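J.: What follows is the file query38.txt, containing compact mmCIF, N, CA and C atoms:
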# COMPACT_ATOMS: atom_id res chain seq x y z
N MET A 15 -71.88 68.28 4.60
CA MET A 15 -73.17 67.98 5.14
C MET A 15 -74.16 69.03 4.63
N LYS A 16 -75.41 68.60 4.37
CA LYS A 16 -76.44 69.53 3.95
C LYS A 16 -77.78 69.07 4.51
N VAL A 17 -78.71 69.97 4.58
CA VAL A 17 -80.05 69.63 5.07
C VAL A 17 -80.74 68.75 4.03
N HIS A 18 -81.31 67.65 4.48
CA HIS A 18 -82.01 66.74 3.57
C HIS A 18 -83.49 67.09 3.48
N HIS A 19 -84.15 67.28 4.64
CA HIS A 19 -85.57 67.65 4.63
C HIS A 19 -85.95 68.23 5.98
N ILE A 20 -87.13 68.83 6.02
CA ILE A 20 -87.72 69.30 7.27
C ILE A 20 -89.02 68.55 7.44
N GLY A 21 -89.29 68.06 8.64
CA GLY A 21 -90.51 67.31 8.92
C GLY A 21 -91.50 68.15 9.71
N ILE A 22 -92.77 68.04 9.33
CA ILE A 22 -93.86 68.74 10.03
C ILE A 22 -94.93 67.70 10.33
N GLU A 23 -95.40 67.67 11.57
CA GLU A 23 -96.45 66.75 11.94
C GLU A 23 -97.81 67.31 11.52
N THR A 24 -98.70 66.43 11.11
CA THR A 24 -100.04 66.84 10.71
C THR A 24 -101.05 65.79 11.16
N ASN A 25 -102.24 66.23 11.54
CA ASN A 25 -103.28 65.28 11.87
C ASN A 25 -104.34 65.24 10.77
N ASN A 26 -104.07 65.91 9.64
CA ASN A 26 -104.98 65.87 8.49
C ASN A 26 -104.11 65.90 7.23
N ILE A 27 -103.71 64.71 6.77
CA ILE A 27 -102.75 64.64 5.67
C ILE A 27 -103.31 65.21 4.38
N GLU A 28 -104.56 64.97 4.07
CA GLU A 28 -105.11 65.48 2.81
C GLU A 28 -105.15 67.00 2.80
N LYS A 29 -105.58 67.58 3.90
CA LYS A 29 -105.62 69.05 3.99
C LYS A 29 -104.20 69.62 3.91
N SER A 30 -103.25 68.98 4.57
CA SER A 30 -101.86 69.45 4.54
C SER A 30 -101.27 69.31 3.15
N ARG A 31 -101.52 68.19 2.48
CA ARG A 31 -101.01 68.01 1.11
C ARG A 31 -101.55 69.09 0.18
N ARG A 32 -102.85 69.34 0.24
CA ARG A 32 -103.45 70.37 -0.62
C ARG A 32 -102.84 71.74 -0.34
N PHE A 33 -102.63 72.05 0.95
CA PHE A 33 -102.06 73.34 1.35
C PHE A 33 -100.67 73.51 0.74
N TYR A 34 -99.79 72.52 0.91
CA TYR A 34 -98.43 72.64 0.41
C TYR A 34 -98.37 72.53 -1.12
N GLU A 35 -99.27 71.77 -1.72
CA GLU A 35 -99.34 71.73 -3.18
C GLU A 35 -99.77 73.08 -3.73
N GLN A 36 -100.63 73.80 -3.02
CA GLN A 36 -101.02 75.15 -3.44
C GLN A 36 -99.83 76.11 -3.38
N LEU A 37 -98.88 75.81 -2.50
CA LEU A 37 -97.66 76.61 -2.41
C LEU A 37 -96.63 76.20 -3.48
N GLY A 38 -96.92 75.16 -4.26
CA GLY A 38 -96.02 74.75 -5.33
C GLY A 38 -95.31 73.43 -5.11
N PHE A 39 -95.50 72.80 -3.95
CA PHE A 39 -94.86 71.51 -3.68
C PHE A 39 -95.50 70.42 -4.53
N GLN A 40 -94.72 69.37 -4.82
CA GLN A 40 -95.23 68.22 -5.55
C GLN A 40 -94.95 66.95 -4.75
N MET A 41 -95.93 66.05 -4.75
CA MET A 41 -95.79 64.78 -4.05
C MET A 41 -94.66 63.97 -4.67
N LYS A 42 -93.74 63.50 -3.83
CA LYS A 42 -92.60 62.73 -4.32
C LYS A 42 -92.67 61.27 -3.90
N ASP A 43 -92.99 61.01 -2.62
CA ASP A 43 -92.93 59.65 -2.11
C ASP A 43 -93.81 59.52 -0.87
N ARG A 44 -94.22 58.29 -0.59
CA ARG A 44 -94.98 57.96 0.61
C ARG A 44 -94.42 56.65 1.15
N MET A 45 -94.28 56.57 2.47
CA MET A 45 -93.81 55.33 3.08
C MET A 45 -94.33 55.22 4.50
N VAL A 46 -94.20 54.04 5.05
CA VAL A 46 -94.54 53.79 6.45
C VAL A 46 -93.25 53.36 7.15
N LEU A 47 -92.96 54.01 8.27
CA LEU A 47 -91.77 53.68 9.05
C LEU A 47 -92.19 53.53 10.50
N MET A 48 -92.00 52.34 11.05
CA MET A 48 -92.36 52.06 12.44
C MET A 48 -93.80 52.48 12.73
N GLY A 49 -94.71 52.21 11.81
CA GLY A 49 -96.12 52.49 12.00
C GLY A 49 -96.55 53.92 11.68
N GLU A 50 -95.61 54.79 11.35
CA GLU A 50 -95.96 56.18 11.01
C GLU A 50 -96.02 56.35 9.50
N GLU A 51 -97.08 57.03 9.03
CA GLU A 51 -97.17 57.36 7.61
C GLU A 51 -96.35 58.62 7.35
N LEU A 52 -95.50 58.56 6.34
CA LEU A 52 -94.64 59.68 5.98
C LEU A 52 -94.89 60.03 4.52
N TYR A 53 -95.07 61.32 4.25
CA TYR A 53 -95.27 61.82 2.90
C TYR A 53 -94.16 62.81 2.61
N PHE A 54 -93.50 62.68 1.47
CA PHE A 54 -92.42 63.57 1.09
C PHE A 54 -92.86 64.39 -0.11
N LEU A 55 -92.78 65.71 0.03
CA LEU A 55 -93.13 66.63 -1.04
C LEU A 55 -91.90 67.45 -1.37
N THR A 56 -91.74 67.82 -2.62
CA THR A 56 -90.57 68.60 -3.01
C THR A 56 -90.98 69.91 -3.65
N LEU A 57 -90.10 70.87 -3.49
CA LEU A 57 -90.20 72.18 -4.13
C LEU A 57 -88.78 72.52 -4.56
N GLY A 58 -88.49 72.36 -5.85
CA GLY A 58 -87.12 72.52 -6.33
C GLY A 58 -86.24 71.48 -5.65
N ASN A 59 -85.17 71.92 -4.99
CA ASN A 59 -84.25 71.01 -4.29
C ASN A 59 -84.61 70.80 -2.83
N PHE A 60 -85.74 71.37 -2.40
CA PHE A 60 -86.14 71.29 -1.00
C PHE A 60 -87.16 70.18 -0.81
N THR A 61 -87.01 69.38 0.25
CA THR A 61 -87.94 68.31 0.56
C THR A 61 -88.61 68.57 1.91
N LEU A 62 -89.93 68.42 1.92
CA LEU A 62 -90.73 68.56 3.13
C LEU A 62 -91.34 67.21 3.45
N GLU A 63 -91.20 66.78 4.70
CA GLU A 63 -91.79 65.52 5.15
C GLU A 63 -93.01 65.83 6.00
N LEU A 64 -94.16 65.30 5.62
CA LEU A 64 -95.37 65.40 6.43
C LEU A 64 -95.53 64.09 7.18
N ILE A 65 -95.61 64.18 8.50
CA ILE A 65 -95.69 63.02 9.37
C ILE A 65 -97.11 62.95 9.92
N VAL A 66 -97.82 61.88 9.60
CA VAL A 66 -99.22 61.76 10.02
C VAL A 66 -99.28 61.40 11.51
N GLN A 67 -99.94 62.25 12.28
CA GLN A 67 -100.18 62.00 13.71
C GLN A 67 -101.65 61.67 13.88
N LYS A 68 -101.94 60.63 14.58
CA LYS A 68 -103.32 60.20 14.74
C LYS A 68 -103.97 60.76 16.00
N THR A 69 -103.21 61.51 16.79
CA THR A 69 -103.74 62.10 18.01
C THR A 69 -103.81 63.62 17.85
N GLU A 70 -104.53 64.27 18.75
CA GLU A 70 -104.61 65.73 18.74
C GLU A 70 -103.22 66.29 19.04
N MET A 71 -102.85 67.34 18.32
CA MET A 71 -101.50 67.88 18.46
C MET A 71 -101.54 69.29 19.04
N ALA A 72 -100.49 69.65 19.73
CA ALA A 72 -100.30 71.04 20.14
C ALA A 72 -99.80 71.82 18.92
N ALA A 73 -100.01 73.12 18.93
CA ALA A 73 -99.54 73.95 17.82
C ALA A 73 -98.02 73.86 17.71
N ALA A 74 -97.54 73.83 16.49
CA ALA A 74 -96.10 73.75 16.25
C ALA A 74 -95.46 75.10 16.54
N ASN A 75 -94.27 75.09 17.14
CA ASN A 75 -93.55 76.33 17.41
C ASN A 75 -92.60 76.72 16.29
N PRO A 76 -91.86 75.78 15.69
CA PRO A 76 -90.93 76.18 14.63
C PRO A 76 -91.71 76.64 13.40
N HIS A 77 -91.01 77.30 12.48
CA HIS A 77 -91.67 77.69 11.24
C HIS A 77 -90.81 77.33 10.05
N LEU A 78 -91.49 77.21 8.94
CA LEU A 78 -90.88 76.94 7.65
C LEU A 78 -90.96 78.24 6.87
N CYS A 79 -89.87 78.67 6.26
CA CYS A 79 -89.88 79.90 5.47
C CYS A 79 -89.63 79.55 4.02
N LEU A 80 -90.55 80.00 3.16
CA LEU A 80 -90.44 79.76 1.72
C LEU A 80 -90.28 81.10 1.01
N GLU A 81 -89.29 81.18 0.14
CA GLU A 81 -89.08 82.40 -0.63
C GLU A 81 -89.98 82.37 -1.85
N VAL A 82 -90.71 83.46 -2.06
CA VAL A 82 -91.60 83.60 -3.22
C VAL A 82 -91.10 84.73 -4.09
N THR A 83 -91.45 84.68 -5.36
CA THR A 83 -91.03 85.73 -6.30
C THR A 83 -91.79 87.02 -6.04
N ASP A 84 -93.11 86.90 -5.83
CA ASP A 84 -93.95 88.08 -5.64
C ASP A 84 -94.99 87.76 -4.58
N LEU A 85 -94.91 88.45 -3.46
CA LEU A 85 -95.82 88.20 -2.34
C LEU A 85 -97.28 88.46 -2.74
N LYS A 86 -97.50 89.34 -3.69
CA LYS A 86 -98.87 89.63 -4.14
C LYS A 86 -99.54 88.38 -4.71
N GLU A 87 -98.76 87.45 -5.28
CA GLU A 87 -99.31 86.22 -5.83
C GLU A 87 -99.83 85.29 -4.73
N GLN A 88 -99.55 85.59 -3.48
CA GLN A 88 -99.99 84.76 -2.37
C GLN A 88 -101.27 85.31 -1.74
N ALA A 89 -102.01 86.13 -2.48
CA ALA A 89 -103.24 86.74 -1.97
C ALA A 89 -104.25 85.69 -1.51
N TRP A 90 -104.18 84.49 -2.03
CA TRP A 90 -105.09 83.41 -1.61
C TRP A 90 -105.02 83.20 -0.10
N ALA A 91 -103.84 83.39 0.48
CA ALA A 91 -103.68 83.16 1.92
C ALA A 91 -104.47 84.17 2.73
N VAL A 92 -104.53 85.39 2.25
CA VAL A 92 -105.30 86.43 2.93
C VAL A 92 -106.79 86.18 2.69
N GLN A 93 -107.14 85.83 1.47
CA GLN A 93 -108.55 85.63 1.10
C GLN A 93 -109.18 84.46 1.83
N ASN A 94 -108.45 83.38 2.04
CA ASN A 94 -109.07 82.22 2.69
C ASN A 94 -108.82 82.18 4.20
N GLY A 95 -108.22 83.24 4.73
CA GLY A 95 -108.10 83.37 6.17
C GLY A 95 -106.95 82.65 6.82
N THR A 96 -106.03 82.07 6.05
CA THR A 96 -104.91 81.38 6.67
C THR A 96 -103.78 82.34 7.05
N ALA A 97 -103.77 83.55 6.46
CA ALA A 97 -102.75 84.54 6.82
C ALA A 97 -103.11 85.09 8.20
N PHE A 98 -102.13 85.12 9.11
CA PHE A 98 -102.44 85.65 10.43
C PHE A 98 -101.54 86.79 10.85
N GLU A 99 -100.49 87.09 10.10
CA GLU A 99 -99.65 88.25 10.38
C GLU A 99 -99.06 88.76 9.08
N GLY A 100 -99.20 90.04 8.85
CA GLY A 100 -98.60 90.64 7.68
C GLY A 100 -99.62 90.91 6.60
N PRO A 101 -99.14 91.30 5.45
CA PRO A 101 -97.74 91.38 5.06
C PRO A 101 -97.00 92.54 5.72
N PHE A 102 -95.71 92.35 5.92
CA PHE A 102 -94.84 93.35 6.49
C PHE A 102 -93.75 93.71 5.49
N SER A 103 -93.33 94.97 5.52
CA SER A 103 -92.16 95.42 4.75
C SER A 103 -91.03 95.60 5.75
N LEU A 104 -89.92 94.91 5.52
CA LEU A 104 -88.79 94.95 6.45
C LEU A 104 -87.76 96.00 6.02
N GLU A 105 -86.91 96.39 6.95
CA GLU A 105 -85.91 97.43 6.71
C GLU A 105 -84.98 97.09 5.55
N ASN A 106 -84.70 95.81 5.35
CA ASN A 106 -83.76 95.42 4.30
C ASN A 106 -84.43 95.30 2.92
N GLY A 107 -85.71 95.66 2.82
CA GLY A 107 -86.42 95.61 1.56
C GLY A 107 -87.25 94.35 1.35
N TRP A 108 -87.11 93.39 2.23
CA TRP A 108 -87.91 92.17 2.11
C TRP A 108 -89.36 92.45 2.47
N LYS A 109 -90.25 91.62 1.95
CA LYS A 109 -91.66 91.63 2.34
C LYS A 109 -91.98 90.23 2.85
N THR A 110 -92.76 90.14 3.90
CA THR A 110 -93.03 88.84 4.50
C THR A 110 -94.48 88.73 4.96
N LEU A 111 -94.98 87.51 4.95
CA LEU A 111 -96.35 87.20 5.35
C LEU A 111 -96.31 85.87 6.09
N PHE A 112 -96.99 85.79 7.22
CA PHE A 112 -97.05 84.56 7.98
C PHE A 112 -98.41 83.90 7.78
N VAL A 113 -98.39 82.62 7.47
CA VAL A 113 -99.58 81.85 7.15
C VAL A 113 -99.66 80.68 8.12
N GLU A 114 -100.88 80.34 8.54
CA GLU A 114 -101.05 79.16 9.40
C GLU A 114 -101.33 77.96 8.53
N GLY A 115 -100.54 76.91 8.70
CA GLY A 115 -100.75 75.67 7.98
C GLY A 115 -101.89 74.87 8.57
N PRO A 116 -102.30 73.82 7.91
CA PRO A 116 -103.46 73.05 8.33
C PRO A 116 -103.37 72.42 9.72
N SER A 117 -102.17 72.19 10.22
CA SER A 117 -102.03 71.58 11.55
C SER A 117 -101.50 72.57 12.57
N GLY A 118 -101.65 73.87 12.28
CA GLY A 118 -101.23 74.90 13.22
C GLY A 118 -99.78 75.32 13.06
N GLU A 119 -99.06 74.74 12.10
CA GLU A 119 -97.67 75.14 11.90
C GLU A 119 -97.61 76.53 11.25
N MET A 120 -96.55 77.24 11.53
CA MET A 120 -96.37 78.56 10.96
C MET A 120 -95.51 78.45 9.70
N VAL A 121 -95.99 79.05 8.62
CA VAL A 121 -95.26 79.10 7.37
C VAL A 121 -95.05 80.56 7.02
N GLU A 122 -93.79 80.95 6.87
CA GLU A 122 -93.47 82.32 6.48
C GLU A 122 -93.22 82.35 4.98
N LEU A 123 -93.84 83.29 4.31
CA LEU A 123 -93.59 83.53 2.88
C LEU A 123 -92.81 84.82 2.79
N VAL A 124 -91.66 84.81 2.13
CA VAL A 124 -90.82 85.99 2.06
C VAL A 124 -90.44 86.30 0.62
N GLN A 125 -90.53 87.57 0.29
CA GLN A 125 -90.09 88.07 -1.02
C GLN A 125 -88.84 88.89 -0.75
N THR A 126 -87.70 88.45 -1.30
CA THR A 126 -86.44 89.13 -1.00
C THR A 126 -86.00 90.10 -2.10
N LYS A 127 -86.66 90.03 -3.24
CA LYS A 127 -86.30 90.92 -4.35
C LYS A 127 -87.52 91.73 -4.75
N ASN A 128 -87.27 92.97 -5.20
CA ASN A 128 -88.37 93.80 -5.68
C ASN A 128 -88.87 93.26 -7.00
N THR A 129 -90.17 93.33 -7.21
CA THR A 129 -90.75 92.91 -8.48
C THR A 129 -91.17 94.17 -9.24
N PRO A 130 -91.16 94.08 -10.56
CA PRO A 130 -91.54 95.26 -11.36
C PRO A 130 -92.96 95.69 -11.16
Let me see the structure of the file written as structure tokens.
T.:
Amino acid sequence: MKVHHIGIETNNIEKSRRFYEQLGFQMKDRMVLMGEELYFLTLGNFTLELIVQKTEMAAANPHLCLEVTDLKEQAWAVQNGTAFEGPFSLENGWKTLFVEGPSGEMVELVQTKNTP
């Protein structure tokens, strides 16, 4: 058994798509299931499902963590105000930054290896 995808609800699909595409995701598929619009984006072997919600949503509690090569390359998150915690340097040598997604979901960006 393996994880197939993670789903995140959004009430602004275009804003969410642009956000995740800026992180490197690519649009893979779109479908409607039982009246819900579903968008599937991929990053390497990972699939993210964006579920369109037409009502106001509460902030999401779970978070998605994406490993990046160099956290400095994610400066756009700090510049456009979506970063809300970090960057932090952890005891094990990792560096991490928490970013707020377009629908209030938390996205953690983590660098696990030192860059030159």
J.: Tell me which of A:Arg32, A:Lys109, A:Leu104, A:Asn25 sits closest to Leu85 (chain A), counting only N, CA and C atoms.
T.: A:Lys109
J.: Measuring between all atoms listed in the file, which one of A:Asn94, A:Phe54, A:Ser117, A:Glu81 shows the shortest distance to Asn26 (chain A)?
T.: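 Once distances to Asn26 (chain A) are computed over all atoms listed in the file, the minimum belongs to A:Ser117.
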J.: Where does DSSP see alpha helix (DSSP H) in region 29-104 of chain A, if you list the residues as a list of chain:residue names?
T.: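 Written out, the alpha helix (DSSP H) residues of region 29-104 of chain A are A:Lys29, A:Ser30, A:Arg31, A:Arg32, A:Phe33, A:Tyr34, A:Glu35, A:Gln36, A:Ala89, A:Trp90, A:Ala91, A:Val92, A:Gln93.
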J.: Find the residue from A:Leu123, A:Val113, A:Asp84, A:Thr61 that sits nearest to Thr96 (chain A); use all atoms listed in the file when measuring.
T.: A:Val113
J.: Taking all atoms of region 40-54 of chain A that the file lists and extending 6 Å past them on each side, where is the centre of the axis-aligned box and how long are its edges? Answer in Å to one decimal, as JSON.
T.:
{"center_x": -94.5, "center_y": 60.7, "center_z": 3.6, "size_x": 17.4, "size_y": 29.3, "size_z": 30.3}
J.: One number please: CA of Leu80 (chain A) to CA of Leu47 (chain A), in Å, one decimal.
T.: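 Calculated distance between CA of Leu80 (chain A) and CA of Leu47 (chain A) is 27.1 Å.
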J.: What is the distance between atom C of Met120 (chain A) and CA of Val46 (chain A), in Å to one decimal?
T.: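 So the answer is 24.9 Å.
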J.: For Ile27 (chain A), which residue among A:Leu64, A:Lys42, A:Gln93, A:Glu105 is the nearest when counting all atoms listed in the file?
T.: A:Leu64
J.: Give me every strand (DSSP E) residue in chain A, going by DSSP on the backbone, as a PyMOL selection string.
T.: chain A and resi 20-24+40-47+50-57+60-66+77-81+97-103+109-114+120-125
J.: Quick one: distance from atom N of Gly58 (chain A) to atom N of Met41 (chain A) in Å, one decimal?
T.: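 The value is 9.8 Å.
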J.: Which of these, A:Glu114, A:Met45, A:Leu37, A:Gln125, has the shortest distance to Val82 (chain A) once you count only N, CA and C atoms?
T.: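 The closest residue to Val82 (chain A) is A:Gln125.
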J.: Nearest to Leu52 (chain A): which of A:Pro116, A:Gln40, A:Gly21, A:Ile65 is it, counting all atoms listed in the file?
T.: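 Residue with the minimum atom-to-atom distance to Leu52 (chain A): A:Ile65.
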